[in-house]
Amino acid sequence: MTKTPLHHLIFGFIFFLLVALDIYLGSTSHSFFRIVSKPFILISLIVYFFLNRKGMQKRSSQFTLMALVFSLVGDVFLLFDSVSELYFILGLSSFLLAHIFYAFCFYTQRSSKNGLDLWITTLLFTGYGFALYSILYSYLGNIKIPVSIYILAILIMILMAYKRKGNVSGNSFILVFFGALSFIISDSFLAINKFITPLPYSNLMVMGTYAIAQYLIIRGLIRDTHGDTH
C-alpha cells in the first residue's frame with residue numbers, strides 16, 4: 001500500500017484545524033467571525049483540489065470545481081439563514097447545484113456493471129430519502145417541493161458515487177462513497193435541527209459531517225488521479 005505524500009497530510013491537518021476553529025466560533029459569542037472562517041474552509045479545499053487535480057479528466061475536474069464553488073456559495077448564504085428564509089432557499093439551491101455537479105463528475109467515472117449490490121443500495125437509499133421526507137413533510141410549509149427536489153438530487157449523487165465501484169481504485173471508491181454518505185448525514189442533521197427540533201451540539205454535528213464529506217470526496221478524486229490501485 002502506498003504512503004500518503006506529506007503535503008496531503010499537512011493539508012488535512014490544516015483543513016480540519018480550520019473546521020475546528022469554525023465550529024468553536026459557531027458555539028461562542030464570536031460567531032460573527034464565521035463570516036470569514038466558514039467560507040475559508042471551502043476556499044482552502046478549492047485551492048487544494050486545483051493544485052492536485054493533475055491527471056484527472058477535464059470534464060470531471062470541471063464538474064468538481066463547480067461543485068466546490070456552489071458549495072462555497074451555499075455556505076455563505078446559510079450563514080444568514082436566520083435573517084431571512086430567502087437566504088436558506090438560496091443556500092439550498094446552491095447545494096442542489098453542488099450535488100448535481102458532483103453527480104455529473106461521478107457519472108463520468110461510472111462502471112458499466114449493474115450488479116445486485118447496486119439495486120440493493122438504490123433501494124436502501126431511496127427508502128431512507130422517502131423516510132426522511134415523510135418525517136420532514138409536515139414541518140416544511142411552502143418549501144415542500146424544493147426540499148423534495150433536493151433530497152432526490154443528493155440520492156442521485158450518492159448512487160453515482162456508488163456507480164464508480166469497479167471503475168476506479170478501491171481507496172478512491174471508498175473515500176468518495178463515504179464522503180457522499182457523510183453529506184447525507186450532514187444534510188439530515190441540518191434538516192432535523194432547522195425544521196423539527198434543535199439538536200444538541202448541532203454546529204458540531206452539521207459542520208463536522210459536512211467537512212468530512214467534502215474532504216473525503218476531494219481526497220478520493222485526487223487519489224484516483226494519482227494512480228492508486230490499492
# chains A, B, ... in the order shown; residues from 1 in each chain; ligands from 1
call {"tool": "residues_around", "arguments": {"residues": "Ser61 (chain A)", "least_positions_apart": "2", "cutoff": "12 Å", "atoms": "only C-alpha atoms", "output": "PyMOL selection string"}}
result
chain A and resi 46+49-59+63-68+101-102+104-106+108-109+218+221-222+225
call {"tool": "residues_around", "arguments": {"residues": "Phe33 (chain A)", "least_positions_apart": "4", "cutoff": "12 Å", "atoms": "only C-alpha atoms", "output": "list in words"}}
result
Leu21, Asp22, Ile23, Tyr24, Leu25, Gly26, Ser27, Thr28, Ser29, Ser37, Lys38, Pro39, Phe40 and Leu79 of chain A
call {"tool": "closest_atom_pairs", "arguments": {"of": "region 146-228 of chain A", "to": "region 12-19 of chain A", "cutoff": "8 Å", "atoms": "only C-alpha atoms", "output": "CSV"}}
result
residue,atom,partner,partner_atom,distance
A:Met207,CA,A:Val19,CA,7.6
A:Gly208,CA,A:Val19,CA,7.4
A:Ala211,CA,A:Val19,CA,7.0
call {"tool": "residues_around", "arguments": {"residues": "Ile89 (chain A)", "least_positions_apart": "6", "cutoff": "10 Å", "atoms": "only C-alpha atoms", "output": "PyMOL selection string"}}
result
chain A and resi 74+77-78+81+95+143+146-147
call {"tool": "closest_residue", "arguments": {"among": "A:Gly179, A:Tyr137, A:Lys144, A:Ile43", "to": "Ile192 (chain A)", "atoms": "only C-alpha atoms"}}
result
A:Tyr137
call {"tool": "residues_around", "arguments": {"residues": "Ile156 (chain A)", "least_positions_apart": "2", "cutoff": "12 Å", "atoms": "only C-alpha atoms", "output": "PyMOL selection string"}}
result
chain A and resi 96+99-107+121-123+125-126+129+149-154+158-163+180-181+184
call {"tool": "atom_distance", "arguments": {"atom1": "CA of Leu9 (chain A)", "atom2": "CA of Val168 (chain A)"}}
result
22.0 Å
